[in-house]
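S.K.: Quick one: structure below, then a few questions.
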Amino acid sequence: MDRAKKNHLIRIFVAIAVVYLAVLVLEFTLRPTSILFTVLRKGAIYSLVAVSMNLLNGFTGLFSLGQAGFMLLGAYTYAIFTMPVSVKESERVYRYYECIVGFDTGSFVGLIAAGLVAAFFAFLIGLPVLRLKSDYLAIATLGFAEIIRAIFQWDVLGPLTNGANLLREYKDLSRITLPFTDIPFPPTLFVFIVAGVCILLIVLLINSSFGRAFKAIRDDETAAEAMGINLFKHKELSFVISSFFAGVSGALLAAFQYTVQAQQFESMMTYEILLIVVIGGIGSISGSCIASFLYIALSEWWLRGLDMGKFLGISAPDLFRSGFRRLVFSVIIMVIVLFFSKGIMGDKELSFERMKAFVKRAGRKKKETAK
Amino acid sequence: MKELLRLDDITMQFGGVVAVNNLSMNVKEGEIVALIGPNGAGKTTAFNCITGVYEPTNGRIVFDGKTIITNHPSGKMQRNYAGFEADKYLGEKTLHPTPDVITKLGIARTFQNIRLFKSMTVFENVLTAMHVRAKENVFSAVFRLSWKEERRMEAETEKLLSEQGLLSHRDEIATSLPYGLQRRLEIARALATKPRLLLLDEPAAGMNPQETQELSLFIKEIKERYDLTVLMIEHHMDLVMGISDRIYVLDFGSLIAEGTPEEIQSNQRVIDAYLGVAEDV
Ligand SMILES: Nc1ncnc2c1ncn2[C@@H]1O[C@H](COP(=O)(O)OP(=O)(O)OP(=O)(O)O)[C@@H](O)[C@H]1O
Ligand SMILES: [Mg+2]
């Protein structure tokens with residue numbers, strides 16, 4: 001490895017370490033109910049699912065709209081796996097059904113299982129669909145997500161899914177402990193570590209020989225096939241891996257929310273994630289992450305005042321009423337999509353060189369206007 | 001010399017259009033063979049049959065002594081079939097491998113309309129083509145357990161690029177190269193799959209006479225260096241006559257002549273159908 005590349009890697013690691021350290025410090029200094037934690041946790045979860053969608057849409061050129069469905073599978077798997085047997089047997093959660101799952105696991109096993117279940121369903125869907133032209137995948141996955149949502153609320157599956165009722169009291173963020181101890185795991189750090197490791201794995205995949213094969217398929221299927229790349233096998237691989245991580249992010253979402261209900265995983269959620277991917281830049285991992293945090297901060301935090309009667313110090317209870325936030329939010333999103341049609345990052349990644357160049361350019365502009 | 005590729009009665013019919021009609025030909029190991037003919041004669045279609053892009057309507061393709069593709073008219077095509085030998089391959093099990101399987105067997109190709117991976121650099125284009133022979137799986141690739149294999153592929157790519165004189169363009173986006181170099185890169189990319197048979201679809205298209213001259217030397221050189229057999233489609237007669245051992249001539253999908261360059265040049269049917277026309281242009 002040459003020096004420049006090594007330096008680059010070291011700088012990335014330092015930057016990541018700083019972020020994690022900052023999260024840890026915040027966790028011990030801020031009030032646990034601070035809105036910042038909500039934004040950080042949800043932002044990290046959405047980063048993971050957005051990156052997993054980007055792997056498929058941005059790097060393999062496959063269009064899937066099943067993210068919400070795979071997240072649902074992950075969330076339920078995690079909740080059912082990690083809910084203690086004593087809770088399952090009591091009337092507290094499974095009130096109308098007799099729970100048929102007679103075991104429980106730790107959160108780590110739950111996360112892996114969540115990914116595997118989602119990946120397994122993706123594998124089954126991919127078998128027939130990925131042999132066809134790419135458009136069919138979008139239709140099939142969208143249909144799948146809707147169907148799975150209905151099925152999970154179905155009475156007959158009640159002993160497994162608790163029907164249309166909530167699942168709770170599983171290993172949510174307040175119950176996760178450090179391995180082999182009873183010490184609670186700093187919740188935000190937990191989300192960051194899981195999401196971070198998953199994103200790292202995706203990045204490693206994209207920069208491997210397989211990642212190049214995915215990009216080849218995206219660029220030109222005919223040429224990729226002529227270079228010996230088995231289209232079906234590689235598309236299936238990308239789809240299954242992407243769904244695995246969507247499942248893990250669903251599990252994180254379940255842990256973050258303290259409750260799970262199938263109803264919540266509408267296709268609206270998939271569109272939200274798609275929007276994040278587009279805003280961040282199709283084919284940019286760092287773009288997806290930045291966009292996730294911005295999107296969540298905007299919708300959950302910065303624009304909150306618009307619903308509460310007071311925004312940026314302006315008090316107008318008649319205008320800033322419940323629902324106004326959504327309107328402003330939609331307008332902002334529209335403006336971003338219209339004026340940054342390639343997303344914040346295009347298909348580039350964030351780097352120090354790029355930031356330096358950006359700052360320099362901004363500085364030069366300022367000077368010019370000063371003249 | 002051993003026969004490397006053989007086409008028996010290959011017919012490719014699109015609806016009512018018979019693009020290739022009963023084409024039989026062979027290529028021996030170490031030869032340079034040209035496939036020529038006027039526009040729309042079915043040359044590219046023949047390539048697409050050999051590489052598995054199209055499933056021929058009828059006929060058989062043998063590579064290195066092994067039948068790799070066979071088919072016979074079936075279903076709706078049975079009634080609409082307009083070629084010959086409709087029953088000849090009826091008894092045989094149809095074989096229709098996808099293009100990647102053909103590539104793995106050792107046949108690589110370039111395209112008439114250059115098809116490089118447009119978001120990738122020159123280096124990445126060639127490196128991607130090494131994937132097919134890489135000894136690794138997803139797990140070992142993600143966790144970098146097969147980093148030695150990656151290093152080997154990178155080193156080989158580097159070597160291939162320097163041999164093709166493309167090393168100075170290593171990190172440029174492939175599609176930003178001048179036309180002639182893009183064609184060269186496409187050949188380099190095909191070579192990265194380690195083929196025994198190289199199919200070139202109009203490698204000199206869009207090149208000036210000097211570049212064409214260089215290309216003919218280049219083809220001969222890579223043929224020797226990589227121990228290749230070459231089958232090429234080409235309209236530049238200087239190039240074809242200069243380096244081909246044998247030539248096949250297609251017209252309206254049918255073979256109208258085959259032979260050495262001298263024989264083809266003096267063949268009246270070829271002159272009427274193709275060469276005469278070519279000189280007018
Ligand atoms: N996929 C297809 N569907 C229908 N017709 C096709 C298809 N591909 C080729 N053809 C037809 O087959 C005939 C032969 O085309 P082909 O591209 O093989 O010609 P060619 O010899 O390569 O010509 P050129 O010198 O212009 O490249 C043409 O009439 C073309 O319209
Ligand atoms: Mg052609």
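Every chain in the structure tokens takes a letter, A first, then B, and so on in the order presented; its residues are numbered from 1, and the ligands are numbered from 1 following the presented order.
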Any idea which chain B residues end up within 7 Å of chain A if we count only C-alpha atoms, as a list of chain:residue names please?
M.R.: B:Pro99, B:Asp100, B:Val101, B:Thr103, B:Lys104, B:Arg115, B:Phe117, B:Lys118, B:Ser119, B:Thr128, B:Ala129, B:His131, B:Val132, B:Val138, B:Ala141, B:Val142, B:Ala190, B:Thr193
S.K.: Just want the residues within 6 Å of ligand 1, written as a ChimeraX atom specification, counting only C-alpha atoms and all ligand atoms.
M.R.: /B:14,19,38-45
S.K.: Name the residues of segment 4-161 of chain B that come out as helix (DSSP H, G or I) in a backbone DSSP run; write them as a PyMOL selection string.
M.R.: chain B and resi 43-50+77-80+99-105+122-133+138-142+147-161
S.K.: For each of B:Ile114, B:Arg133, B:Ile271, B:Arg196, take the minimum atom-to-atom distance to ligand 2, counting only C-alpha atoms and all ligand atoms, then give the residue where this is smallest.
M.R.: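 Residue with the minimum atom-to-atom distance to ligand 2: B:Ile114.
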S.K.: Tell me, in Å to one decimal, how far atom CA of Ala44 of chain A is from atom CA of Glu272 of chain A.
M.R.: 14.6 Å
